[in-house]
Amino acid sequence: MSGVTGPPGPLWEPWADAVAQRVAAGFDRLDLLTAVDRPASGEIEIVIHLVRRPEAGGLEDVWGHTLLDRAAPMLESVTGLLPAAAWHEREIHEMFGVQVSGHPDLRPLLLLDVASPPPLRKDTPLVARVDTPWPGARR
Amino acid sequence: MSEIPHQARGAIALDAAACTSCMLCVKECPDWCIHIESHNEEVSEPGARRPRSVAVLDSFTIDWGLCMYCGICVEVCPFDALHWVPEHDYPAPDAQGLRHGIARLEEFGPS
């Protein structure tokens with residue numbers, strides 16, 4: 001797929017150190033931490049958006065991303081640096097099947113059955129939709 | 001508390017008389033929350049060479065438990081049979097109660 005890319009700039013690697021660097025530079029407000037499934041390249045992209053408020057006023061932000069192996073995705077937790085990241089990492093674990101190392105509590109937020117295929121992977125079928133006949137097929 | 005603006009998108013109301021059962025809303029709905037049942041009736045008019053076939057709406061259901069309020073059905077309806085109304089307060093004790101049929105959808109009133 002062309003034209004679909006992550007945020008510009010080099011990958012943040014190693015992940016937790018790269019995040020720690022930005023947090024130390026004052027970017028300590030977590031705005032977004034999520035994942036993007038990229039089955040075509042066999043990767044799961046992790047995206048983070050950090051914000052800081054300079055004393056002079058205004059807002060400064062920084063985008064970071066990294067790529068994980070889709071077959072066995074492993075992510076270092078940054079919850080120690082940014083407590084707000086805890087639930088985002090739980091969600092990434094639950095919805096994309098990413099193992100998050102060093103996370104204090106990876107209990108699922110929504111799913112009853114964590115053994116089910118990760119729902120936000122592109123190739124996970126939506127069972128309810130497969131089972132439901134399309135109402136538009138009538139007549 | 002301030003008034004709810006009249007153009008607020010609280011619910012989608014139906015004008016059953018304007019609906020031709022064309023199924024466009026059902027087909028375009030991204031989460032399949034609209035169901036239509038209809039049948040054809042032959043109408044003979046004096047002077048006409050042959051009877052006309054007219055679609056008659058039997059049931060029109062919106063499942064608010066599925067609806068994500070995108071408004072695509074309102075946009076695609078060629079006959080303005082669907083319109084937004086500000087009413088937003090229609091809870092139900094169970095999921096079945098969130099399936100509104102013709103009578104309930106007409107109760108939402110005109111736009």
# chains A, B, ... in the order shown; residues from 1 in each chain; ligands from 1
>>> interface_residues(of="chain B", to="chain A", cutoff="7 Å", atoms="only C-alpha atoms", output="JSON list (two decimals) with N, CA, C and O atoms, in the first residue's frame")
[["chain", "number", "residue", "atom", "x", "y", "z"],
["B", 23, "MET", "N", -34.97, 1.13, -0.16],
["B", 23, "MET", "CA", -33.88, 0.38, 0.46],
["B", 23, "MET", "C", -32.52, 1.08, 0.39],
["B", 23, "MET", "O", -31.52, 0.51, 0.80],
["B", 26, "VAL", "N", -31.08, 1.42, 3.87],
["B", 26, "VAL", "CA", -30.68, 0.12, 4.40],
["B", 26, "VAL", "C", -29.35, -0.30, 3.80],
["B", 26, "VAL", "O", -28.46, -0.82, 4.49],
["B", 27, "LYS", "N", -29.20, -0.06, 2.50],
["B", 27, "LYS", "CA", -27.99, -0.51, 1.82],
["B", 27, "LYS", "C", -26.78, 0.35, 2.18],
["B", 27, "LYS", "O", -25.66, -0.15, 2.21],
["B", 32, "TRP", "N", -25.61, -1.39, 9.46],
["B", 32, "TRP", "CA", -26.75, -2.27, 9.22],
["B", 32, "TRP", "C", -27.81, -2.14, 10.31],
["B", 32, "TRP", "O", -28.35, -3.15, 10.77],
["B", 35, "HIS", "N", -33.78, -1.80, 9.14],
["B", 35, "HIS", "CA", -34.43, -2.94, 8.48],
["B", 35, "HIS", "C", -35.77, -2.50, 7.91],
["B", 35, "HIS", "O", -36.55, -1.83, 8.59]]
>>> select_by_dssp(residues="chain A", states="strand (DSSP E or B)", output="VMD selection string")
chain A and resid 29 to 38 43 to 52 60 to 69 74 to 76 99 to 101
>>> write_last_selection(atoms="N, CA, C and O atoms", output="tab-separated table (two decimals), in the first residue's frame")
chain	number	residue	atom	x	y	z
A	29	ARG	N	3.47	15.22	28.82
A	29	ARG	CA	2.01	15.04	28.74
A	29	ARG	C	1.70	14.09	27.60
A	29	ARG	O	2.02	14.38	26.44
A	30	LEU	N	1.06	12.98	27.96
A	30	LEU	CA	0.73	11.98	26.95
A	30	LEU	C	-0.60	12.35	26.31
A	30	LEU	O	-1.63	12.45	26.97
A	31	ASP	N	-0.55	12.56	24.99
A	31	ASP	CA	-1.80	12.87	24.29
A	31	ASP	C	-2.36	11.62	23.64
A	31	ASP	O	-3.56	11.41	23.64
A	32	LEU	N	-1.47	10.80	23.09
A	32	LEU	CA	-1.94	9.63	22.35
A	32	LEU	C	-0.88	8.54	22.35
A	32	LEU	O	0.30	8.83	22.23
A	33	LEU	N	-1.34	7.32	22.55
A	33	LEU	CA	-0.45	6.16	22.41
A	33	LEU	C	-1.31	5.04	21.86
A	33	LEU	O	-2.27	4.61	22.50
A	34	THR	N	-1.00	4.63	20.64
A	34	THR	CA	-1.86	3.63	20.02
A	34	THR	C	-1.04	2.80	19.03
A	34	THR	O	0.17	2.99	18.90
A	35	ALA	N	-1.72	1.88	18.37
A	35	ALA	CA	-1.05	0.99	17.44
A	35	ALA	C	-1.78	1.01	16.10
A	35	ALA	O	-2.97	1.30	16.03
A	36	VAL	N	-1.03	0.69	15.04
A	36	VAL	CA	-1.61	0.56	13.71
A	36	VAL	C	-1.15	-0.77	13.15
A	36	VAL	O	0.04	-1.05	13.12
A	37	ASP	N	-2.11	-1.58	12.75
A	37	ASP	CA	-1.75	-2.88	12.17
A	37	ASP	C	-1.38	-2.69	10.71
A	37	ASP	O	-2.12	-2.06	9.95
A	38	ARG	N	-0.21	-3.18	10.31
A	38	ARG	CA	0.21	-3.07	8.92
A	38	ARG	C	0.56	-4.45	8.38
A	38	ARG	O	1.73	-4.84	8.30
A	43	GLU	N	4.13	-5.66	9.99
A	43	GLU	CA	4.55	-4.88	11.15
A	43	GLU	C	3.35	-4.33	11.91
A	43	GLU	O	2.25	-4.18	11.35
A	44	ILE	N	3.58	-4.07	13.18
A	44	ILE	CA	2.61	-3.28	13.95
A	44	ILE	C	3.33	-2.01	14.34
A	44	ILE	O	4.43	-2.05	14.92
A	45	GLU	N	2.75	-0.89	13.97
A	45	GLU	CA	3.36	0.39	14.26
A	45	GLU	C	2.80	0.91	15.58
A	45	GLU	O	1.60	0.82	15.83
A	46	ILE	N	3.68	1.42	16.42
A	46	ILE	CA	3.25	2.06	17.66
A	46	ILE	C	3.43	3.57	17.47
A	46	ILE	O	4.48	4.02	16.97
A	47	VAL	N	2.42	4.32	17.81
A	47	VAL	CA	2.45	5.77	17.62
A	47	VAL	C	2.27	6.45	18.96
A	47	VAL	O	1.41	6.05	19.74
A	48	ILE	N	3.08	7.47	19.22
A	48	ILE	CA	2.93	8.23	20.46
A	48	ILE	C	2.95	9.72	20.13
A	48	ILE	O	3.64	10.15	19.18
A	49	HIS	N	2.18	10.47	20.85
A	49	HIS	CA	2.16	11.93	20.68
A	49	HIS	C	2.33	12.55	22.06
A	49	HIS	O	1.51	12.34	22.96
A	50	LEU	N	3.40	13.30	22.23
A	50	LEU	CA	3.70	13.92	23.52
A	50	LEU	C	3.66	15.43	23.37
A	50	LEU	O	4.01	15.98	22.33
A	51	VAL	N	3.25	16.08	24.46
A	51	VAL	CA	3.07	17.53	24.42
A	51	VAL	C	3.81	18.15	25.60
A	51	VAL	O	3.92	17.54	26.66
A	52	ARG	N	4.33	19.36	25.39
A	52	ARG	CA	4.82	20.13	26.54
A	52	ARG	C	4.34	21.57	26.43
A	52	ARG	O	4.06	22.06	25.34
A	60	GLU	N	4.02	22.77	22.52
A	60	GLU	CA	4.96	22.11	21.62
A	60	GLU	C	4.67	20.62	21.69
A	60	GLU	O	4.35	20.10	22.75
A	61	ASP	N	4.78	19.96	20.55
A	61	ASP	CA	4.47	18.54	20.57
A	61	ASP	C	5.49	17.76	19.76
A	61	ASP	O	6.25	18.33	18.97
A	62	VAL	N	5.50	16.46	19.99
A	62	VAL	CA	6.41	15.60	19.25
A	62	VAL	C	5.71	14.26	19.01
A	62	VAL	O	4.99	13.76	19.86
A	63	TRP	N	5.88	13.78	17.78
A	63	TRP	CA	5.33	12.48	17.41
A	63	TRP	C	6.45	11.46	17.37
A	63	TRP	O	7.51	11.74	16.84
A	64	GLY	N	6.18	10.28	17.89
A	64	GLY	CA	7.18	9.22	17.79
A	64	GLY	C	6.52	7.94	17.31
A	64	GLY	O	5.33	7.73	17.51
A	65	HIS	N	7.30	7.11	16.64
A	65	HIS	CA	6.74	5.81	16.28
A	65	HIS	C	7.83	4.76	16.21
A	65	HIS	O	9.01	5.06	16.11
A	66	THR	N	7.37	3.54	16.33
A	66	THR	CA	8.30	2.42	16.19
A	66	THR	C	7.55	1.28	15.53
A	66	THR	O	6.33	1.30	15.43
A	67	LEU	N	8.31	0.31	15.02
A	67	LEU	CA	7.69	-0.81	14.33
A	67	LEU	C	8.00	-2.10	15.07
A	67	LEU	O	9.14	-2.33	15.51
A	68	LEU	N	6.96	-2.95	15.23
A	68	LEU	CA	7.14	-4.23	15.90
A	68	LEU	C	6.90	-5.35	14.89
A	68	LEU	O	6.16	-5.17	13.93
A	69	ASP	N	7.53	-6.48	15.17
A	69	ASP	CA	7.28	-7.65	14.33
A	69	ASP	C	5.87	-8.15	14.58
A	69	ASP	O	5.50	-8.50	15.70
A	74	MET	N	6.51	-7.27	20.52
A	74	MET	CA	6.92	-7.00	21.89
A	74	MET	C	7.17	-5.51	22.04
A	74	MET	O	7.86	-4.92	21.22
A	75	LEU	N	6.61	-4.93	23.08
A	75	LEU	CA	6.78	-3.50	23.31
A	75	LEU	C	7.23	-3.30	24.74
A	75	LEU	O	6.74	-3.94	25.66
A	76	GLU	N	8.18	-2.38	24.93
A	76	GLU	CA	8.59	-2.03	26.30
A	76	GLU	C	7.57	-1.04	26.86
A	76	GLU	O	7.24	-0.06	26.20
A	99	GLN	N	2.58	-7.92	23.19
A	99	GLN	CA	3.06	-8.16	24.55
A	99	GLN	C	3.74	-6.89	25.03
A	99	GLN	O	4.60	-6.35	24.34
A	100	VAL	N	3.37	-6.43	26.21
A	100	VAL	CA	3.98	-5.22	26.75
A	100	VAL	C	4.81	-5.62	27.96
A	100	VAL	O	4.25	-6.03	28.98
A	101	SER	N	6.14	-5.52	27.80
A	101	SER	CA	7.00	-5.98	28.90
A	101	SER	C	7.14	-4.88	29.94
A	101	SER	O	7.25	-3.70	29.62
>>> residues_around(residues="B:Glu106", least_positions_apart="2", cutoff="12 Å", atoms="only C-alpha atoms", output="JSON, numbers by chain")
{"B": [11, 12, 13, 14, 15, 16, 17, 18, 19, 60, 61, 62, 81, 82, 83, 84, 85, 100, 101, 102, 103, 104, 108, 109, 110, 111]}
>>> closest_residue(among="A:Pro104, A:Pro73, A:Gly97, A:Gly42", to="A:Pro118", atoms="only C-alpha atoms")
A:Gly97
>>> residues_around(residues="A:Arg90", least_positions_apart="2", cutoff="8 Å", atoms="only C-alpha atoms", output="list of chain:residue names")
A:Ala86, A:Trp87, A:His88, A:Ile92, A:His93, A:Glu94, A:Asp105, A:Leu106, A:Arg107, A:Pro108, A:Leu109
>>> write_last_selection(atoms="N, CA and C atoms", output="mmCIF file, in the first residue's frame")
data_model
loop_
_atom_site.group_PDB
_atom_site.id
_atom_site.type_symbol
_atom_site.label_atom_id
_atom_site.label_comp_id
_atom_site.auth_asym_id
_atom_site.auth_seq_id
_atom_site.Cartn_x
_atom_site.Cartn_y
_atom_site.Cartn_z
ATOM 1 N N ALA A 86 -0.614 3.643 31.009
ATOM 2 C CA ALA A 86 -0.984 2.296 31.452
ATOM 3 C C ALA A 86 -2.182 1.746 30.687
ATOM 4 N N TRP A 87 -3.241 2.516 30.643
ATOM 5 C CA TRP A 87 -4.446 2.013 29.973
ATOM 6 C C TRP A 87 -4.257 1.908 28.462
ATOM 7 N N HIS A 88 -3.474 2.833 27.896
ATOM 8 C CA HIS A 88 -3.225 2.772 26.450
ATOM 9 C C HIS A 88 -2.471 1.490 26.107
ATOM 10 N N ILE A 92 -3.553 -1.622 23.769
ATOM 11 C CA ILE A 92 -2.735 -2.132 22.664
ATOM 12 C C ILE A 92 -2.519 -3.637 22.821
ATOM 13 N N HIS A 93 -2.336 -4.060 24.058
ATOM 14 C CA HIS A 93 -2.168 -5.482 24.341
ATOM 15 C C HIS A 93 -3.429 -6.253 23.982
ATOM 16 N N GLU A 94 -4.553 -5.714 24.392
ATOM 17 C CA GLU A 94 -5.828 -6.402 24.227
ATOM 18 C C GLU A 94 -6.305 -6.394 22.781
ATOM 19 N N ASP A 105 0.057 -4.183 34.990
ATOM 20 C CA ASP A 105 -1.274 -4.797 35.064
ATOM 21 C C ASP A 105 -1.892 -4.845 33.670
ATOM 22 N N LEU A 106 -1.772 -6.008 33.033
ATOM 23 C CA LEU A 106 -2.254 -6.092 31.651
ATOM 24 C C LEU A 106 -3.646 -6.720 31.546
ATOM 25 N N ARG A 107 -4.448 -6.640 32.609
ATOM 26 C CA ARG A 107 -5.807 -7.187 32.511
ATOM 27 C C ARG A 107 -6.548 -6.526 31.356
ATOM 28 N N PRO A 108 -7.338 -7.320 30.642
ATOM 29 C CA PRO A 108 -8.073 -6.718 29.516
ATOM 30 C C PRO A 108 -9.095 -5.697 30.007
ATOM 31 N N LEU A 109 -9.320 -4.691 29.179
ATOM 32 C CA LEU A 109 -10.268 -3.642 29.539
ATOM 33 C C LEU A 109 -11.685 -4.015 29.131
#
